[in-house]
Amino acid sequence: MHVLVTGAAGFIGFSLIRALVARGDTVIGVDNCNSYYDPALKEARLARLGAEAGDRFTFLRLDFADYPGLVAALEPHCFDAIVHLGAQAGVRYSIENPHVYAQSNLVGHLNLLEIARHRQVGHMVYASSSSVYGGNGKLPFAVEDRADHPVSLYAATKRANEMMSESYAHLYRLPQTGLRFFTVYGPWGRPDMMLWIFTRKLFAGEALPVFNHGEMYRDFTYIDDIIAGVVASLDNPPSDDGAVKAGGSTKPHRLYNIGNHRSEHLMTVIGLLEQATGIQAKIDFQPMQAGDVPQTYADISAIAADLGYAPTTSIDVGVPRFVAWYREYHGV
């Protein structure tokens with residue numbers, strides 16, 4: 001398979017490309033390597049891809065929100081499918097920088113839909129987020145639940161992506177799968193995520209900022225389990241058969257949660273970090289932050305039934321693996 005992957009220098013994009021190349025696929029990767037977090041980490045990921053993939057990976061350094069530039073750069077390349085993972089991430093950052101999200105997440109998603117339509121790709125898989133569920137009080141979150149009350153602009157852009165994709169599935173019969181990721185972590189992860197921040201602060205002897213006075217729960221999903229779900233989705237595009245798909249569409253468009261199907265107490269995860277680092281945490285309990293939610297919990301029955309998805313990595317395995325990688329990467 002020849003696959004176009006956006007967000008190629010990002011955590012999930014990098015991990016997906018490694019998996020695709022390892023099974024013999026050819027990948028064209030797109031990323032602008034912006035400075036939302038340390039670009040050196042993105043460059044390190046790209047260097048690893050270059051060393052492992054050889055001529056099966058082609059990298060295009062560009063902004064996919066620039067439609068003319070994107071069209072021109074992709075013109076010489078052939079691809080059968082698109083995995084659109086690139087986006088401006090971060091719930092809290094969206095409160096301070098809203099226009100960045102409109103450009104990257106809304107304009108960028110539209111651009112990939114247009115590329116998919118005009119290039120007549122067989123399937124477009126795209127990243128949504130568990131944040132679309134907003135303040136949903138029903139647990140676990142299921143793809144059938146309403147998702148029209150976002151509590152952050154980031155969440156609103158991701159829900160808008162799902163609606164845009166539904167319209168393209170209707171108008172152009174473009175097969176698509178939207179994936180609602182739940183708190184992804186693991187080696188090569190993002191420095192703006194809780195696990196990285198807390199690990200860094202533990203080694204630096206700094207206090208950990210724990211919001212909602214510690215009453216936070218997350219469905220932590222290890223990167224290998226995330227990639228297994230993405231690849232299974234990519235390999236099995238939805239049919240244009242009029243049947244109701246996961247998420248409720250009768251078009252060739254479906255929505256899946258990809259999570260670990262466990263809602264873990266934040267203090268439990270901090271305890272695992274203490275064990276893995278050998279450092280006792282100093283806790284700075286703080287109130288709830290704007291745009292955040294106290295609990296996430298994925299109902300994965302739809303993707304399990306359709307594609308056989310079954311996560312295998314619990315936090316007591318995954319957290320020490322992350323810390324071991326962090327030590328090696330930083331020379332701690």
# chains A, B, ... in the order shown; residues from 1 in each chain; ligands from 1
call {"tool": "closest_atom_pairs", "arguments": {"of": "range 296-325 of chain A", "to": "range 117-136 of chain A", "cutoff": "10 Å", "atoms": "only C-alpha atoms", "output": "tab-separated table"}}
result
residue	atom	partner	partner_atom	distance
A:Thr296	CA	A:Ser130	CA	7.4
A:Tyr297	CA	A:Ser130	CA	8.7
A:Ala298	CA	A:Ser130	CA	8.0
call {"tool": "select_by_dssp", "arguments": {"residues": "range 131-248 of chain A", "states": "strand (DSSP E or B)", "output": "ChimeraX atom specification"}}
result
/A:141,176-181,184-185,208-210,217-218,221-222
call {"tool": "write_last_selection", "arguments": {"atoms": "N, CA and C atoms", "output": "JSON list (two decimals), in the first residue's frame"}}
result
[["chain", "number", "residue", "atom", "x", "y", "z"],
["A", 141, "PHE", "N", -17.79, 6.56, 27.49],
["A", 141, "PHE", "CA", -18.20, 7.32, 26.31],
["A", 141, "PHE", "C", -18.35, 6.37, 25.12],
["A", 176, "GLN", "N", -14.44, 6.97, 4.78],
["A", 176, "GLN", "CA", -13.66, 7.61, 5.84],
["A", 176, "GLN", "C", -13.89, 6.92, 7.18],
["A", 177, "THR", "N", -12.86, 6.98, 8.02],
["A", 177, "THR", "CA", -12.96, 6.49, 9.39],
["A", 177, "THR", "C", -12.37, 7.54, 10.31],
["A", 178, "GLY", "N", -13.17, 8.02, 11.26],
["A", 178, "GLY", "CA", -12.69, 8.97, 12.26],
["A", 178, "GLY", "C", -12.39, 8.24, 13.56],
["A", 179, "LEU", "N", -11.22, 8.52, 14.12],
["A", 179, "LEU", "CA", -10.76, 7.82, 15.32],
["A", 179, "LEU", "C", -10.67, 8.77, 16.50],
["A", 180, "ARG", "N", -11.45, 8.50, 17.52],
["A", 180, "ARG", "CA", -11.44, 9.31, 18.74],
["A", 180, "ARG", "C", -10.43, 8.71, 19.71],
["A", 181, "PHE", "N", -9.23, 9.30, 19.74],
["A", 181, "PHE", "CA", -8.14, 8.80, 20.58],
["A", 181, "PHE", "C", -8.34, 9.21, 22.03],
["A", 184, "VAL", "N", -3.19, 9.23, 24.70],
["A", 184, "VAL", "CA", -2.14, 8.37, 24.16],
["A", 184, "VAL", "C", -0.82, 8.66, 24.86],
["A", 185, "TYR", "N", -0.09, 7.59, 25.22],
["A", 185, "TYR", "CA", 1.20, 7.77, 25.88],
["A", 185, "TYR", "C", 2.13, 6.65, 25.44],
["A", 208, "LEU", "N", 4.43, 18.36, 41.32],
["A", 208, "LEU", "CA", 3.55, 18.00, 40.21],
["A", 208, "LEU", "C", 2.23, 18.77, 40.35],
["A", 209, "PRO", "N", 1.83, 19.54, 39.34],
["A", 209, "PRO", "CA", 0.54, 20.24, 39.40],
["A", 209, "PRO", "C", -0.59, 19.27, 39.11],
["A", 210, "VAL", "N", -1.39, 18.96, 40.10],
["A", 210, "VAL", "CA", -2.46, 17.98, 39.98],
["A", 210, "VAL", "C", -3.79, 18.71, 40.08],
["A", 217, "TYR", "N", -9.55, 11.32, 36.21],
["A", 217, "TYR", "CA", -9.48, 9.96, 35.69],
["A", 217, "TYR", "C", -9.30, 10.03, 34.18],
["A", 218, "ARG", "N", -8.41, 9.19, 33.66],
["A", 218, "ARG", "CA", -8.16, 9.17, 32.22],
["A", 218, "ARG", "C", -8.06, 7.73, 31.72],
["A", 221, "THR", "N", -4.02, 5.18, 27.01],
["A", 221, "THR", "CA", -3.90, 4.18, 25.96],
["A", 221, "THR", "C", -2.47, 4.15, 25.43],
["A", 222, "TYR", "N", -1.84, 2.99, 25.53],
["A", 222, "TYR", "CA", -0.45, 2.85, 25.12],
["A", 222, "TYR", "C", -0.33, 2.95, 23.60]]
call {"tool": "select_by_dssp", "arguments": {"residues": "range 106-249 of chain A", "states": "alpha helix (DSSP H)", "output": "PyMOL selection string"}}
result
chain A and resi 108-119+153-172+194-204+223-235
call {"tool": "closest_residue", "arguments": {"among": "A:Glu215, A:Leu174, A:Ile223, A:Ala281", "to": "Pro252 in chain A", "atoms": "only C-alpha atoms"}}
result
A:Leu174
call {"tool": "residues_around", "arguments": {"residues": "Asp316 in chain A", "least_positions_apart": "5", "cutoff": "12 Å", "atoms": "only C-alpha atoms", "output": "list of chain:residue names"}}
result
A:Phe220, A:Thr221, A:Tyr222, A:Glu264, A:Thr268, A:Val269, A:Ile270, A:Gly271, A:Leu272, A:Leu273, A:Glu274, A:Gln275, A:Ala276, A:Arg321, A:Phe322, A:Val323
call {"tool": "residues_around", "arguments": {"residues": "Leu110 in chain A", "least_positions_apart": "6", "cutoff": "10 Å", "atoms": "only C-alpha atoms", "output": "list in words"}}
result
Phe64, Ala65, Tyr67, Ser104, Ala116, Asn161, Met164, Ser165 and Tyr168 of chain A
call {"tool": "write_last_selection", "arguments": {"atoms": "C-alpha atoms", "output": "mmCIF file, in the first residue's frame"}}
result
data_model
loop_
_atom_site.group_PDB
_atom_site.id
_atom_site.type_symbol
_atom_site.label_atom_id
_atom_site.label_comp_id
_atom_site.auth_asym_id
_atom_site.auth_seq_id
_atom_site.Cartn_x
_atom_site.Cartn_y
_atom_site.Cartn_z
ATOM 1 C CA PHE A 64 -1.102 21.183 4.915
ATOM 2 C CA ALA A 65 -3.236 24.267 5.658
ATOM 3 C CA TYR A 67 -3.768 24.165 -0.147
ATOM 4 C CA SER A 104 -4.695 23.913 11.134
ATOM 5 C CA ALA A 116 -8.811 12.710 -1.066
ATOM 6 C CA ASN A 161 -13.875 17.621 11.399
ATOM 7 C CA MET A 164 -17.065 17.888 7.474
ATOM 8 C CA SER A 165 -16.120 14.276 6.790
ATOM 9 C CA TYR A 168 -17.888 14.500 2.005
#
call {"tool": "closest_atom_pairs", "arguments": {"of": "range 196-301 of chain A", "to": "range 3-6 of chain A", "cutoff": "12 Å", "atoms": "only C-alpha atoms", "output": "tab-separated table"}}
result
residue	atom	partner	partner_atom	distance
A:Val230	CA	A:Val5	CA	11.7
A:Val231	CA	A:Val3	CA	11.2
A:Leu234	CA	A:Val3	CA	9.6
A:Asp235	CA	A:Val3	CA	11.1
call {"tool": "write_last_selection", "arguments": {"atoms": "all heavy atoms", "output": "PDB file, in the first residue's frame"}}
result
ATOM      1  N   VAL A 230      -5.340   1.932  14.512  1.00  0.00           N
ATOM      2  CA  VAL A 230      -5.237   2.742  13.294  1.00  0.00           C
ATOM      3  C   VAL A 230      -5.011   1.839  12.078  1.00  0.00           C
ATOM      4  O   VAL A 230      -5.664   2.000  11.040  1.00  0.00           O
ATOM      5  CB  VAL A 230      -4.107   3.774  13.406  1.00  0.00           C
ATOM      6  CG1 VAL A 230      -3.957   4.545  12.096  1.00  0.00           C
ATOM      7  CG2 VAL A 230      -4.365   4.742  14.553  1.00  0.00           C
ATOM      8  N   VAL A 231      -4.099   0.889  12.198  1.00  0.00           N
ATOM      9  CA  VAL A 231      -3.789   0.003  11.075  1.00  0.00           C
ATOM     10  C   VAL A 231      -4.996  -0.867  10.722  1.00  0.00           C
ATOM     11  O   VAL A 231      -5.314  -1.049   9.540  1.00  0.00           O
ATOM     12  CB  VAL A 231      -2.553  -0.868  11.396  1.00  0.00           C
ATOM     13  CG1 VAL A 231      -2.351  -1.938  10.333  1.00  0.00           C
ATOM     14  CG2 VAL A 231      -1.311   0.006  11.505  1.00  0.00           C
ATOM     15  N   LEU A 234      -7.380   1.358   8.874  1.00  0.00           N
ATOM     16  CA  LEU A 234      -6.877   1.659   7.534  1.00  0.00           C
ATOM     17  C   LEU A 234      -7.115   0.499   6.580  1.00  0.00           C
ATOM     18  O   LEU A 234      -7.505   0.712   5.417  1.00  0.00           O
ATOM     19  CB  LEU A 234      -5.379   1.965   7.623  1.00  0.00           C
ATOM     20  CG  LEU A 234      -4.617   2.180   6.312  1.00  0.00           C
ATOM     21  CD1 LEU A 234      -5.139   3.403   5.580  1.00  0.00           C
ATOM     22  CD2 LEU A 234      -3.121   2.301   6.588  1.00  0.00           C
ATOM     23  N   ASP A 235      -6.908  -0.703   7.042  1.00  0.00           N
ATOM     24  CA  ASP A 235      -7.006  -1.885   6.183  1.00  0.00           C
ATOM     25  C   ASP A 235      -8.434  -2.315   5.897  1.00  0.00           C
ATOM     26  O   ASP A 235      -8.655  -3.206   5.058  1.00  0.00           O
ATOM     27  CB  ASP A 235      -6.253  -3.056   6.823  1.00  0.00           C
ATOM     28  CG  ASP A 235      -4.744  -2.877   6.803  1.00  0.00           C
ATOM     29  OD1 ASP A 235      -4.257  -1.990   6.073  1.00  0.00           O
ATOM     30  OD2 ASP A 235      -4.051  -3.617   7.525  1.00  0.00           O
TER      31      ASP A 235
END
call {"tool": "residues_around", "arguments": {"residues": "Ala324 in chain A", "least_positions_apart": "2", "cutoff": "12 Å", "atoms": "only C-alpha atoms", "output": "list in words"}}
result
Gly186, Pro187, Trp188, Trp196, Thr199, Leu273, Gln275, Ala276, Thr277, Gly278, Val317, Gly318, Val319, Pro320, Arg321, Phe322, Tyr326, Arg327, Glu328, Tyr329, His330, Gly331 and Val332 of chain A
call {"tool": "atom_distance", "arguments": {"atom1": "CA of His77 in chain A", "atom2": "CA of Leu16 in chain A"}}
result
19.4 Å
call {"tool": "atom_distance", "arguments": {"atom1": "CA of Pro191 in chain A", "atom2": "CA of Tyr37 in chain A"}}
result
6.8 Å
call {"tool": "closest_residue", "arguments": {"among": "A:Arg48, A:Lys42, A:His84, A:His261", "to": "Arg61 in chain A", "atoms": "only C-alpha atoms"}}
result
A:Lys42
call {"tool": "residues_around", "arguments": {"residues": "Asp241 in chain A", "least_positions_apart": "3", "cutoff": "10 Å", "atoms": "only C-alpha atoms", "output": "PyMOL selection string"}}
result
chain A and resi 238+244-245+250-252
call {"tool": "closest_residue", "arguments": {"among": "A:Leu113, A:Leu60, A:Leu85, A:Ala305", "to": "Arg173 in chain A", "atoms": "only C-alpha atoms"}}
result
A:Leu113
call {"tool": "residues_around", "arguments": {"residues": "Ala40 in chain A", "least_positions_apart": "6", "cutoff": "12 Å", "atoms": "only C-alpha atoms", "output": "short mmCIF file (atom, residue, chain, number, x, y, z; two decimals) with C-alpha atoms, in the first residue's frame"}}
result
data_model
loop_
_atom_site.label_atom_id
_atom_site.label_comp_id
_atom_site.auth_asym_id
_atom_site.auth_seq_id
_atom_site.Cartn_x
_atom_site.Cartn_y
_atom_site.Cartn_z
CA ALA A 9 6.90 14.02 12.76
CA GLY A 10 4.30 13.80 15.53
CA CYS A 33 7.46 20.68 12.32
CA ASN A 34 6.14 23.77 14.10
CA LEU A 46 12.29 12.01 11.46
CA ALA A 47 15.93 10.95 11.73
CA TRP A 188 8.55 9.07 21.77
CA ARG A 190 4.55 14.44 23.45
CA PRO A 191 6.25 16.80 25.96
CA TYR A 329 16.40 9.67 25.43
#
call {"tool": "atom_distance", "arguments": {"atom1": "CA of Phe57 in chain A", "atom2": "CA of Ala19 in chain A"}}
result
11.8 Å
call {"tool": "closest_residue", "arguments": {"among": "A:Ala228, A:Ile258, A:Met216, A:Leu74", "to": "Pro294 in chain A", "atoms": "only C-alpha atoms"}}
result
A:Met216
call {"tool": "closest_residue", "arguments": {"among": "A:Asp306, A:Glu96, A:Asp80, A:Asp148", "to": "Met163 in chain A", "atoms": "only C-alpha atoms"}}
result
A:Asp148
